[in-house]
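This is run-v8.tsv. It holds TSV, C-alpha atoms.
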```tsv
chain	number	residue	atom	x	y	z
J	10	MET	CA	6.00	6.45	-11.53
J	11	SER	CA	9.18	5.90	-9.54
J	12	GLU	CA	12.18	4.98	-11.65
J	13	ARG	CA	14.20	2.89	-9.24
J	14	GLY	CA	12.71	-0.49	-8.44
J	15	ILE	CA	11.38	-1.56	-5.08
J	16	LEU	CA	13.17	-4.02	-2.84
J	17	VAL	CA	10.83	-6.43	-1.06
J	18	ILE	CA	11.64	-8.89	1.70
J	19	LEU	CA	9.36	-11.91	1.79
J	20	SER	CA	9.50	-14.07	4.88
J	21	GLY	CA	7.22	-16.67	6.38
J	22	PRO	CA	7.39	-19.93	8.26
J	23	SER	CA	8.18	-23.20	6.52
J	24	GLY	CA	4.96	-24.34	4.83
J	25	SER	CA	3.57	-20.82	4.39
J	26	GLY	CA	3.91	-21.18	0.63
J	27	LYS	CA	6.62	-18.61	-0.19
J	28	ASP	CA	7.94	-20.48	-3.25
J	29	THR	CA	4.52	-21.14	-4.76
J	30	VAL	CA	3.49	-17.52	-4.31
J	31	LEU	CA	6.74	-16.14	-5.74
J	32	ASN	CA	6.66	-18.49	-8.73
J	33	ARG	CA	3.12	-17.36	-9.54
J	34	LEU	CA	3.99	-13.69	-8.98
J	35	VAL	CA	6.89	-13.88	-11.44
J	36	GLU	CA	4.55	-15.52	-13.97
J	37	VAL	CA	1.90	-12.80	-13.81
J	38	ASP	CA	4.14	-9.73	-13.40
J	39	SER	CA	7.13	-9.45	-15.69
J	40	ASN	CA	8.45	-6.56	-13.59
J	41	VAL	CA	9.02	-8.85	-10.61
J	42	LYS	CA	12.38	-10.56	-10.12
J	43	VAL	CA	13.41	-12.91	-7.35
J	44	SER	CA	16.94	-12.67	-6.02
J	45	VAL	CA	19.03	-15.83	-6.40
J	46	SER	CA	21.00	-16.83	-3.30
J	47	MET	CA	24.69	-17.66	-3.32
J	48	THR	CA	26.00	-20.78	-1.61
J	49	THR	CA	29.20	-22.73	-1.10
J	50	ARG	CA	27.42	-26.08	-0.82
J	51	GLU	CA	27.74	-28.61	-3.60
J	52	LYS	CA	25.35	-28.48	-6.50
J	53	ARG	CA	22.78	-31.29	-6.35
J	54	GLU	CA	21.48	-33.19	-9.35
J	55	GLY	CA	19.05	-31.10	-11.37
J	56	GLU	CA	20.12	-27.79	-9.83
J	57	ILE	CA	21.14	-25.05	-12.22
J	58	ASP	CA	23.76	-22.42	-11.42
J	59	GLY	CA	22.20	-18.94	-11.45
J	60	LEU	CA	18.69	-20.33	-11.21
J	61	HIS	CA	18.50	-22.29	-7.96
J	62	TYR	CA	21.67	-20.80	-6.48
J	63	TYR	CA	24.90	-19.19	-7.51
J	64	PHE	CA	27.30	-22.01	-6.64
J	65	VAL	CA	30.66	-20.55	-5.63
J	66	SER	CA	33.80	-21.51	-3.76
J	67	ARG	CA	34.32	-20.77	-0.08
J	68	GLU	CA	37.16	-18.44	-1.04
J	69	TYR	CA	34.93	-16.43	-3.42
J	70	PHE	CA	32.11	-16.19	-0.84
J	71	GLU	CA	34.49	-14.95	1.86
J	72	LYS	CA	35.95	-12.39	-0.55
J	73	LYS	CA	32.42	-11.05	-1.15
J	74	ILE	CA	31.83	-10.87	2.61
J	75	SER	CA	35.06	-8.96	3.17
J	76	GLU	CA	34.15	-6.54	0.36
J	77	ASN	CA	30.76	-5.93	2.05
J	78	ARG	CA	29.06	-7.26	-1.09
J	79	MET	CA	26.75	-9.70	0.71
J	80	LEU	CA	23.43	-8.21	1.80
J	81	GLU	CA	23.05	-10.95	4.38
J	82	TYR	CA	24.54	-14.37	4.90
J	83	ALA	CA	24.66	-17.23	7.36
J	84	GLU	CA	26.54	-20.47	7.78
J	85	TYR	CA	24.63	-23.75	8.09
J	86	ALA	CA	26.23	-27.16	8.24
J	87	LYS	CA	29.62	-25.69	7.30
J	88	ASN	CA	28.28	-24.02	4.16
J	89	TYR	CA	27.61	-20.35	3.49
J	90	TYR	CA	24.24	-19.16	2.17
J	91	GLY	CA	23.52	-15.52	1.40
J	92	THR	CA	22.28	-12.75	-0.88
J	93	PRO	CA	24.87	-11.14	-3.17
J	94	ALA	CA	24.43	-7.38	-3.57
J	95	GLU	CA	25.39	-6.91	-7.24
J	96	PRO	CA	22.46	-8.68	-8.98
J	97	VAL	CA	19.96	-7.03	-6.58
J	98	ASP	CA	21.34	-3.54	-7.19
J	99	GLU	CA	21.39	-4.12	-10.95
J	100	MET	CA	17.75	-5.21	-11.04
J	101	LEU	CA	16.72	-2.26	-8.85
J	102	GLU	CA	18.52	0.09	-11.25
J	103	GLN	CA	16.45	-1.42	-14.08
J	104	GLY	CA	13.28	-0.50	-12.17
J	105	LYS	CA	12.40	-4.08	-11.24
J	106	SER	CA	10.58	-5.09	-8.07
J	107	VAL	CA	13.17	-7.35	-6.49
J	108	PHE	CA	12.04	-9.99	-4.00
J	109	LEU	CA	14.34	-11.48	-1.41
J	110	LYS	CA	13.05	-14.71	0.06
J	111	ILE	CA	14.91	-14.68	3.35
J	112	GLU	CA	14.64	-15.76	6.95
J	113	VAL	CA	13.54	-13.48	9.71
J	114	GLN	CA	17.15	-13.08	10.88
J	115	GLY	CA	18.40	-11.94	7.47
J	116	ALA	CA	15.56	-9.43	7.09
J	117	GLU	CA	16.94	-7.27	9.87
J	118	LYS	CA	20.31	-6.97	8.12
J	119	ILE	CA	18.65	-5.88	4.86
J	120	ARG	CA	16.61	-3.22	6.66
J	121	ASN	CA	19.79	-1.72	8.08
J	122	ARG	CA	21.30	-1.49	4.60
J	123	TYR	CA	18.33	-0.27	2.52
J	124	ASP	CA	16.12	2.24	4.30
J	125	ASP	CA	13.39	2.03	1.65
J	126	VAL	CA	13.02	-1.76	1.68
J	127	ILE	CA	9.53	-3.05	2.35
J	128	SER	CA	8.88	-6.30	4.15
J	129	ILE	CA	6.04	-8.76	3.78
J	130	PHE	CA	5.31	-11.67	6.06
J	131	LEU	CA	3.40	-14.55	4.52
J	132	ILE	CA	1.05	-16.30	6.92
J	133	PRO	CA	-0.78	-19.58	6.45
J	134	PRO	CA	-4.45	-18.97	7.34
J	135	SER	CA	-4.28	-21.11	10.47
J	136	MET	CA	-2.07	-23.61	12.19
J	137	HIS	CA	-4.48	-26.33	11.06
J	138	VAL	CA	-3.79	-25.48	7.44
J	139	LEU	CA	-0.06	-25.22	8.03
J	140	GLU	CA	-0.16	-28.65	9.69
J	141	ALA	CA	-2.08	-30.07	6.72
J	142	ARG	CA	0.48	-28.60	4.33
J	143	LEU	CA	3.42	-30.04	6.26
J	144	ARG	CA	1.69	-33.45	6.40
J	145	GLY	CA	0.79	-33.15	2.71
J	146	ARG	CA	4.47	-33.22	1.86
J	147	GLY	CA	4.62	-36.71	3.35
J	148	THR	CA	8.33	-36.31	3.99
J	149	GLU	CA	8.35	-35.69	7.74
J	150	ASP	CA	7.56	-37.84	10.78
J	151	GLU	CA	5.22	-36.79	13.60
J	152	GLU	CA	7.94	-35.44	15.86
J	153	THR	CA	9.39	-33.31	13.06
J	154	ILE	CA	5.92	-31.94	12.19
J	155	GLN	CA	5.23	-31.02	15.84
J	156	HIS	CA	8.64	-29.36	16.04
J	157	ARG	CA	8.00	-27.42	12.83
J	158	LEU	CA	4.62	-26.23	14.12
J	159	PHE	CA	6.28	-25.02	17.32
J	160	ILE	CA	8.89	-23.17	15.25
J	161	ALA	CA	6.19	-21.75	12.96
J	162	ARG	CA	4.24	-20.39	15.94
J	163	GLU	CA	7.38	-18.68	17.19
J	164	GLU	CA	8.16	-17.41	13.69
J	165	ILE	CA	4.68	-15.98	13.12
J	166	ARG	CA	5.19	-13.78	16.18
J	167	LYS	CA	7.99	-12.11	14.21
J	168	ALA	CA	5.36	-10.84	11.75
J	169	TYR	CA	4.96	-7.85	14.04
J	170	ASP	CA	8.34	-6.57	12.82
J	171	TYR	CA	7.20	-6.54	9.18
J	172	ASP	CA	5.44	-3.78	7.23
J	173	TYR	CA	2.74	-6.01	5.75
J	174	VAL	CA	1.21	-9.40	6.34
J	175	VAL	CA	-0.35	-11.44	3.57
J	176	PHE	CA	-2.60	-14.37	4.46
J	177	ASN	CA	-1.95	-17.19	2.05
J	178	ASP	CA	-5.52	-18.51	2.06
J	179	SER	CA	-5.20	-18.99	-1.68
J	180	VAL	CA	-2.22	-18.44	-3.95
J	181	GLU	CA	-4.18	-16.16	-6.30
J	182	CYS	CA	-5.38	-13.90	-3.46
J	183	ALA	CA	-1.91	-13.75	-1.92
J	184	VAL	CA	-0.42	-12.80	-5.30
J	185	GLU	CA	-3.07	-10.09	-5.81
J	186	ASP	CA	-2.37	-8.68	-2.33
J	187	ILE	CA	1.36	-8.56	-3.00
J	188	LYS	CA	0.82	-6.87	-6.38
J	189	ALA	CA	-1.40	-4.29	-4.64
J	190	ILE	CA	1.29	-3.67	-2.02
J	191	ILE	CA	3.88	-2.99	-4.76
J	192	THR	CA	1.50	-0.62	-6.56
J	193	ALA	CA	0.65	1.21	-3.33
J	194	GLU	CA	4.32	1.53	-2.42
J	195	LYS	CA	5.04	3.07	-5.83
J	196	ASN	CA	2.39	5.69	-5.02
J	197	LYS	CA	3.89	6.59	-1.63
J	198	ILE	CA	4.72	10.26	-1.43
J	199	GLY	CA	8.36	9.50	-0.56
J	200	ARG	CA	8.92	7.81	-3.92
J	201	ASN	CA	7.31	10.60	-5.97
J	202	LYS	CA	8.87	13.84	-4.86
J	203	LYS	CA	10.83	14.32	-8.07
J	204	THR	CA	7.79	13.68	-10.28
J	205	ILE	CA	5.63	16.10	-8.29
J	206	SER	CA	8.17	18.87	-8.63
J	207	GLU	CA	8.24	18.20	-12.38
J	208	VAL	CA	4.44	18.52	-12.53
J	209	ILE	CA	4.59	21.83	-10.68
J	210	ASN	CA	7.31	23.20	-12.95
J	211	ASN	CA	5.84	21.85	-16.18
J	212	VAL	CA	3.92	25.00	-17.16
F	8	MET	CA	-8.87	-9.19	6.98
F	9	SER	CA	-9.42	-6.16	9.21
F	10	GLU	CA	-13.00	-5.75	10.33
F	11	ARG	CA	-13.26	-2.01	10.74
F	12	GLY	CA	-13.30	-0.06	7.48
F	13	ILE	CA	-10.59	2.30	6.31
F	14	LEU	CA	-11.03	6.06	6.27
F	15	VAL	CA	-9.47	7.72	3.23
F	16	ILE	CA	-8.99	11.41	2.56
F	17	LEU	CA	-8.93	12.30	-1.12
F	18	SER	CA	-7.71	15.77	-2.00
F	19	GLY	CA	-6.51	17.37	-5.18
F	20	PRO	CA	-6.60	20.68	-6.98
F	21	SER	CA	-9.67	21.82	-8.89
F	22	GLY	CA	-9.57	19.99	-12.24
F	23	SER	CA	-7.64	16.99	-10.92
F	24	GLY	CA	-10.70	14.79	-11.49
F	25	LYS	CA	-11.67	13.84	-7.93
F	26	ASP	CA	-15.39	13.43	-8.72
F	27	THR	CA	-14.87	11.35	-11.85
F	28	VAL	CA	-12.43	9.04	-10.06
F	29	LEU	CA	-14.68	8.62	-7.01
F	30	ASN	CA	-17.77	7.96	-9.13
F	31	ARG	CA	-15.91	5.26	-11.02
F	32	LEU	CA	-14.44	3.78	-7.83
F	33	VAL	CA	-17.89	3.45	-6.24
F	34	GLU	CA	-19.10	1.73	-9.43
F	35	VAL	CA	-16.37	-0.90	-9.46
F	36	ASP	CA	-16.01	-1.52	-5.71
F	37	SER	CA	-19.19	-2.00	-3.71
F	38	ASN	CA	-17.20	-1.74	-0.48
F	39	VAL	CA	-16.33	1.90	-1.18
F	40	LYS	CA	-18.57	4.67	0.15
F	41	VAL	CA	-18.15	8.40	-0.29
F	42	SER	CA	-19.04	10.64	2.62
F	43	VAL	CA	-21.82	13.17	1.91
F	44	SER	CA	-21.11	16.70	3.13
F	45	MET	CA	-23.51	18.76	5.23
F	46	THR	CA	-24.33	22.35	4.33
F	47	THR	CA	-26.57	25.22	5.38
F	48	ARG	CA	-26.80	26.67	1.88
F	49	GLU	CA	-30.07	26.41	-0.02
F	50	LYS	CA	-30.74	23.36	-2.10
F	51	ARG	CA	-30.41	24.07	-5.84
F	52	GLU	CA	-32.63	22.63	-8.50
F	53	GLY	CA	-31.87	18.97	-9.18
F	54	GLU	CA	-29.94	18.49	-5.94
F	55	ILE	CA	-31.07	15.64	-3.70
F	56	ASP	CA	-30.84	15.73	0.10
F	57	GLY	CA	-28.54	12.95	1.32
F	58	LEU	CA	-27.00	12.45	-2.12
F	59	HIS	CA	-25.38	15.77	-3.08
F	60	TYR	CA	-25.43	17.20	0.44
F	61	TYR	CA	-27.29	16.90	3.69
F	62	PHE	CA	-29.20	20.20	3.64
F	63	VAL	CA	-29.70	21.43	7.20
F	64	SER	CA	-30.49	24.60	9.11
F	65	ARG	CA	-27.84	26.86	10.55
F	66	GLU	CA	-29.10	26.00	14.01
F	67	TYR	CA	-28.73	22.25	13.40
F	68	PHE	CA	-25.23	22.66	11.94
F	69	GLU	CA	-24.07	24.77	14.90
F	70	LYS	CA	-25.53	22.20	17.31
F	71	LYS	CA	-23.44	19.49	15.59
F	72	ILE	CA	-20.33	21.70	15.86
F	73	SER	CA	-20.92	22.29	19.57
F	74	GLU	CA	-21.40	18.55	20.12
F	75	ASN	CA	-18.07	17.90	18.34
F	76	ARG	CA	-19.93	15.84	15.74
F	77	MET	CA	-18.39	17.58	12.71
F	78	LEU	CA	-15.14	16.01	11.50
F	79	GLU	CA	-14.24	19.26	9.77
F	80	TYR	CA	-16.16	22.30	8.60
F	81	ALA	CA	-15.66	25.73	7.14
F	82	GLU	CA	-17.76	28.77	6.38
F	83	TYR	CA	-17.86	30.13	2.80
F	84	ALA	CA	-20.09	32.99	1.68
F	85	LYS	CA	-22.02	32.87	4.97
F	86	ASN	CA	-22.82	29.17	4.65
F	87	TYR	CA	-21.38	26.23	6.53
F	88	TYR	CA	-19.97	23.19	4.73
F	89	GLY	CA	-18.58	20.19	6.55
F	90	THR	CA	-18.35	16.44	7.18
F	91	PRO	CA	-20.74	15.00	9.78
F	92	ALA	CA	-19.20	12.29	11.95
F	93	GLU	CA	-22.16	9.92	12.40
F	94	PRO	CA	-22.53	8.58	8.83
F	95	VAL	CA	-18.74	8.16	8.53
F	96	ASP	CA	-18.48	6.23	11.80
F	97	GLU	CA	-21.44	4.05	10.87
F	98	MET	CA	-19.94	3.11	7.49
F	99	LEU	CA	-16.54	2.39	9.09
F	100	GLU	CA	-18.27	0.11	11.62
F	101	GLN	CA	-19.79	-1.77	8.68
F	102	GLY	CA	-16.28	-2.36	7.31
F	103	LYS	CA	-16.65	0.04	4.37
F	104	SER	CA	-13.79	2.04	2.87
F	105	VAL	CA	-15.05	5.57	3.44
F	106	PHE	CA	-13.76	8.35	1.22
F	107	LEU	CA	-13.80	11.99	2.26
F	108	LYS	CA	-13.40	14.39	-0.64
F	109	ILE	CA	-12.08	17.37	1.23
F	110	GLU	CA	-9.81	20.35	0.84
F	111	VAL	CA	-6.24	20.40	2.02
F	112	GLN	CA	-7.22	22.49	5.07
F	113	GLY	CA	-9.88	20.02	6.21
F	114	ALA	CA	-7.52	17.05	5.82
F	115	GLU	CA	-5.37	18.23	8.70
F	116	LYS	CA	-8.35	18.26	11.07
F	117	ILE	CA	-9.31	14.71	10.11
F	118	ARG	CA	-5.75	13.48	10.71
F	119	ASN	CA	-5.87	14.90	14.23
F	120	ARG	CA	-9.10	13.01	14.95
F	121	TYR	CA	-8.43	9.62	13.33
F	122	ASP	CA	-4.88	8.39	13.71
F	123	ASP	CA	-5.37	5.56	11.22
F	124	VAL	CA	-6.76	7.71	8.39
F	125	ILE	CA	-4.88	7.46	5.10
F	126	SER	CA	-4.59	10.35	2.71
F	127	ILE	CA	-4.33	10.38	-1.06
F	128	PHE	CA	-3.53	13.38	-3.19
F	129	LEU	CA	-4.80	13.23	-6.77
F	130	ILE	CA	-2.50	14.91	-9.28
F	131	PRO	CA	-3.21	15.80	-12.89
F	132	PRO	CA	-0.28	14.49	-14.96
F	133	SER	CA	0.95	17.99	-15.82
F	134	MET	CA	-0.09	21.59	-15.65
F	135	HIS	CA	-0.70	21.45	-19.40
F	136	VAL	CA	-3.33	18.76	-18.88
F	137	LEU	CA	-4.87	20.60	-15.94
F	138	GLU	CA	-5.06	23.74	-18.09
F	139	ALA	CA	-6.72	21.78	-20.89
F	140	ARG	CA	-9.24	20.33	-18.43
F	141	LEU	CA	-10.10	23.74	-17.00
F	142	ARG	CA	-10.50	25.17	-20.52
F	143	GLY	CA	-12.51	22.12	-21.54
F	144	ARG	CA	-15.20	23.08	-19.08
F	145	GLY	CA	-15.68	26.27	-21.10
F	146	THR	CA	-17.09	28.05	-18.07
F	147	GLU	CA	-14.16	30.23	-17.04
F	148	ASP	CA	-12.45	33.26	-18.61
F	149	GLU	CA	-8.68	33.56	-19.13
F	150	GLU	CA	-8.01	35.43	-15.89
F	151	THR	CA	-9.91	32.83	-13.86
F	152	ILE	CA	-8.03	29.98	-15.56
F	153	GLN	CA	-4.65	31.62	-14.87
F	154	HIS	CA	-5.69	32.18	-11.26
F	155	ARG	CA	-6.81	28.56	-10.90
F	156	LEU	CA	-3.51	27.31	-12.33
F	157	PHE	CA	-1.63	29.46	-9.83
F	158	ILE	CA	-3.77	28.04	-7.02
F	159	ALA	CA	-3.31	24.49	-8.35
F	160	ARG	CA	0.46	24.87	-8.38
F	161	GLU	CA	0.37	26.02	-4.76
F	162	GLU	CA	-2.05	23.21	-3.88
F	163	ILE	CA	0.08	20.48	-5.50
F	164	ARG	CA	2.92	21.46	-3.16
F	165	LYS	CA	0.64	20.30	-0.33
F	166	ALA	CA	0.87	16.76	-1.73
F	167	TYR	CA	4.01	16.37	0.36
F	168	ASP	CA	1.79	16.20	3.48
F	169	TYR	CA	-0.16	13.21	2.13
F	170	ASP	CA	0.59	9.49	2.44
F	171	TYR	CA	0.07	8.68	-1.24
F	172	VAL	CA	-0.10	10.48	-4.55
F	173	VAL	CA	-2.07	9.16	-7.49
F	174	PHE	CA	-1.43	10.55	-10.96
F	175	ASN	CA	-4.71	10.89	-12.78
F	176	ASP	CA	-3.30	10.18	-16.24
F	177	SER	CA	-6.36	8.05	-16.90
F	178	VAL	CA	-9.40	7.45	-14.73
F	179	GLU	CA	-9.03	3.65	-14.96
F	180	CYS	CA	-5.38	3.71	-13.85
F	181	ALA	CA	-6.14	6.14	-11.02
F	182	VAL	CA	-8.97	3.89	-9.82
F	183	GLU	CA	-6.72	0.81	-9.97
F	184	ASP	CA	-4.02	2.63	-7.98
F	185	ILE	CA	-6.53	3.68	-5.32
F	186	LYS	CA	-7.92	0.14	-5.07
F	187	ALA	CA	-4.36	-1.16	-4.65
F	188	ILE	CA	-3.72	1.38	-1.90
F	189	ILE	CA	-6.82	0.21	0.00
F	190	THR	CA	-5.79	-3.45	-0.37
F	191	ALA	CA	-2.23	-2.71	0.77
F	192	GLU	CA	-3.47	-0.73	3.76
F	193	LYS	CA	-5.66	-3.66	4.80
F	194	ASN	CA	-2.50	-5.79	4.80
F	195	LYS	CA	-0.53	-3.39	7.00
F	196	ILE	CA	0.70	-5.10	10.14
F	197	GLY	CA	-1.01	-2.52	12.36
F	198	ARG	CA	-4.44	-3.56	11.09
F	199	ASN	CA	-3.86	-7.30	11.52
F	200	LYS	CA	-2.52	-7.82	15.00
F	201	LYS	CA	-5.73	-9.44	16.25
F	202	THR	CA	-5.91	-11.86	13.31
F	203	ILE	CA	-2.27	-12.87	13.70
F	204	SER	CA	-2.74	-13.69	17.36
F	205	GLU	CA	-5.76	-15.80	16.37
F	206	VAL	CA	-3.63	-17.71	13.84
F	207	ILE	CA	-0.97	-18.37	16.48
F	208	ASN	CA	-3.53	-19.59	19.03
F	209	ASN	CA	-5.58	-21.62	16.55
F	210	VAL	CA	-3.90	-24.96	17.21
```

Show how you would write the structure in this file as structure tokens.
Amino acid sequence: MSERGILVILSGPSGSGKDTVLNRLVEVDSNVKVSVSMTTREKREGEIDGLHYYFVSREYFEKKISENRMLEYAEYAKNYYGTPAEPVDEMLEQGKSVFLKIEVQGAEKIRNRYDDVISIFLIPPSMHVLEARLRGRGTEDEETIQHRLFIAREEIRKAYDYDYVVFNDSVECAVEDIKAIITAEKNKIGRNKKTISEVINNV
Amino acid sequence: MSERGILVILSGPSGSGKDTVLNRLVEVDSNVKVSVSMTTREKREGEIDGLHYYFVSREYFEKKISENRMLEYAEYAKNYYGTPAEPVDEMLEQGKSVFLKIEVQGAEKIRNRYDDVISIFLIPPSMHVLEARLRGRGTEDEETIQHRLFIAREEIRKAYDYDYVVFNDSVECAVEDIKAIITAEKNKIGRNKKTISEVINNV
């Protein structure tokens, strides 16, 4: 119905399953695109420019910042990470639903820039499940897992600042919920004023 | 996720297809219930009490009004028509999605009583289609059709007061959109605060 695409922020604690859900969503809905982040860190083996990240120089990244062409960015371990505006705006113009997988901190910056952005917080069904997922990775020691659970608990509290929460009990259900949210948002009165006036005048 | 059901107002001009859409919705989603109106008018042949209307006496209806047990009501041609509160509240308690098929005027009264009600306005895709549907009935003369189109145009302007609009281009698409709206609403942060705090504390 609405011509311009919908911008969607997806956040959630580490282990909530953001990547799995987004990968599946892109598979089942060709209208969904996921924004690719830009970074100044070195490309690792197997990473593809434009797919995993846009790998750019520090100079280029700072130029984009100064031109106000980064939707949000942060510096970790002396490298910049952020969301470039151009690809997002292009995809929105094409009517795509554009997903930004970003941290809670970045979400606030996006909200200030796009007043019609919607935000979804992905929640693992319980801390037990989150713990099992973190352990399932087999890459972290006990102290790290306990620390991550503490962080996750703090992060889940931030869900209250989001428009929607989706419980990632199963990937398929989470994907269906997110698809429903996009459909519902497209039916919001605010996105349909032009079409309604066309219906009224089409006599 | 949320335990209490969702109350949904469905409005739309005559000929927008409210009954067809609701009948189909009830068929495909067993969690959807449609509120039955109460009236003091005489039962017509083929009408079933509790299915088409609750047929009651004027005295009974006025008692319900005085007890504030009517969600909305109006008097047409010396008969009362309205929505009794008890069945709606019961179905909401059972976690059902309860649909009220009411006029634009009644919708305002419901909004004042239930702050978490959502409202959907059903729109025929164009006035041409609405005209065709009205003519298709074969029950109205030209003057009546022109009058109904005038009324419809005025009524569609009221869509701006609703939360969502659904374009009834096809019954199946309209039903899918409404189902998506219900799912999305169940994922709204406001309806999930209790569950989130359970997730945080479930350690």

- Local residues around (-1.1, 17.0, -12.4), at most 8 Å away, using only C-alpha atoms, as a list of chain:residue names: J:Ile205, J:Val208, J:Ile209, F:Ser23, F:Leu129, F:Ile130, F:Pro131, F:Pro132, F:Ser133, F:Met134, F:Val136, F:Leu137, F:Ile163, F:Phe174, F:Asn175

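Interatomic distance, CA of Thr153 (chain J) against CA of Gly24 (chain J): 13.0 Å.
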
- Message: I'd like to know which of J:Leu158, J:Val43, J:Val126, J:Val180 is closest to chain F, using all atoms listed in the file.
- Response: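 Selected residue with least distance to chain F: J:Leu158.
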
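The neighbours of Arg166 (chain J) here are the residues that come within 12 Å of it, using all atoms listed in the file and leaving out any residue fewer than 5 positions away in the same chain; they are J:Gly21, J:Pro22, J:Val113, J:Phe130, J:Leu131, J:Ile132, J:Phe159, J:Ile160, J:Ala161, J:Tyr171, J:Val174, F:Ile196, F:Lys200, F:Lys201, F:Thr202, F:Ile203, F:Ser204, F:Glu205, F:Val206, F:Ile207, F:Asn208.
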
- Of the candidates F:Ile185, F:Leu99, F:Met45, F:Ser177, which shows the shortest atom-to-atom distance to Tyr121 (chain F), using only C-alpha atoms?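 Of all the options, F:Leu99 lies closest to Tyr121 (chain F).
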
- Give as number ranges by chain the set of residues within 7 Å of the point (-4.8, 26.1, -16.8), where distances use the file's coordinates and only C-alpha atoms. F: 134-135, 137-139, 141-142, 152-153, 155-156

- To one decimal place, how far is CA of Gly26 (chain J) from CA of Lys167 (chain J) in Å?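 Those two atoms sit 16.8 Å apart.
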
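Ranking F:Asp123, F:Glu52, F:Asp176, F:Glu93 by their shortest atom-to-atom distance to chain J, with only C-alpha atoms included, puts F:Asp176 first.
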
- Query: Which of these, F:Glu149, F:Ile16, F:Lys40, F:Thr90, has the shortest distance to Ala114 (chain F) once you count all atoms listed in the file?
  - Reply: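 The answer is F:Ile16, which sits nearest to Ala114 (chain F).
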
Long-range neighbours of Glu183 (chain F) as a PDB file with C-alpha atoms, in the frame of the given file, 12 Å cut-off, all atoms listed in the file, 5 positions minimum in chain:
```pdb
ATOM      1  CA  LYS J 188       0.820  -6.870  -6.380  1.00  0.00           C
ATOM      2  CA  ALA J 189      -1.400  -4.290  -4.640  1.00  0.00           C
ATOM      3  CA  THR J 192       1.500  -0.620  -6.560  1.00  0.00           C
ATOM      4  CA  ALA J 193       0.650   1.210  -3.330  1.00  0.00           C
ATOM      5  CA  ASN J 196       2.390   5.690  -5.020  1.00  0.00           C
TER       6      ASN J 196
ATOM      7  CA  VAL F  28     -12.430   9.040 -10.060  1.00  0.00           C
ATOM      8  CA  LEU F  29     -14.680   8.620  -7.010  1.00  0.00           C
ATOM      9  CA  ARG F  31     -15.910   5.260 -11.020  1.00  0.00           C
ATOM     10  CA  LEU F  32     -14.440   3.780  -7.830  1.00  0.00           C
ATOM     11  CA  VAL F  35     -16.370  -0.900  -9.460  1.00  0.00           C
ATOM     12  CA  ASP F  36     -16.010  -1.520  -5.710  1.00  0.00           C
ATOM     13  CA  VAL F 173      -2.070   9.160  -7.490  1.00  0.00           C
ATOM     14  CA  PHE F 174      -1.430  10.550 -10.960  1.00  0.00           C
ATOM     15  CA  ASN F 175      -4.710  10.890 -12.780  1.00  0.00           C
ATOM     16  CA  ASP F 176      -3.300  10.180 -16.240  1.00  0.00           C
ATOM     17  CA  SER F 177      -6.360   8.050 -16.900  1.00  0.00           C
ATOM     18  CA  VAL F 178      -9.400   7.450 -14.730  1.00  0.00           C
ATOM     19  CA  ILE F 188      -3.720   1.380  -1.900  1.00  0.00           C
ATOM     20  CA  ILE F 189      -6.820   0.210   0.000  1.00  0.00           C
ATOM     21  CA  THR F 190      -5.790  -3.450  -0.370  1.00  0.00           C
TER      22      THR F 190
END
```

- What does the distance from CA of Arg162 (chain J) to CA of Ser23 (chain J) come to in Å, to one decimal?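 The value is 10.6 Å.
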
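Between chain F and the residues J:Glu84, J:Asp150, J:Asp170, J:Glu181, the shortest atom-to-atom distance, using all atoms listed in the file, involves J:Asp170.
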
- So, counting all atoms listed in the file, which residue among F:Ser126, F:Lys25, F:Asn199, F:Arg51 is closest to Ala168 (chain J)? F:Asn199

For Gly115 (chain J): contacts at 10 Å, only C-alpha atoms, fewer than 5 positions along chain excluded, given as a PDB file with C-alpha atoms, keeping the file's coordinate frame:
```pdb
ATOM      1  CA  ILE J  18      11.640  -8.890   1.700  1.00  0.00           C
ATOM      2  CA  SER J  20       9.500 -14.070   4.880  1.00  0.00           C
ATOM      3  CA  LEU J  80      23.430  -8.210   1.800  1.00  0.00           C
ATOM      4  CA  GLU J  81      23.050 -10.950   4.380  1.00  0.00           C
ATOM      5  CA  TYR J  82      24.540 -14.370   4.900  1.00  0.00           C
ATOM      6  CA  ALA J  83      24.660 -17.230   7.360  1.00  0.00           C
ATOM      7  CA  GLY J  91      23.520 -15.520   1.400  1.00  0.00           C
ATOM      8  CA  THR J  92      22.280 -12.750  -0.880  1.00  0.00           C
ATOM      9  CA  LEU J 109      14.340 -11.480  -1.410  1.00  0.00           C
ATOM     10  CA  LYS J 110      13.050 -14.710   0.060  1.00  0.00           C
ATOM     11  CA  ARG J 120      16.610  -3.220   6.660  1.00  0.00           C
TER      12      ARG J 120
END
```

- Could you give me, as a ChimeraX atom specification, the residues within 7 Å of Val45 (chain J), counting all atoms listed in the file and dropping anything in the same chain fewer than 2 positions from it? /J:43,47,59-63
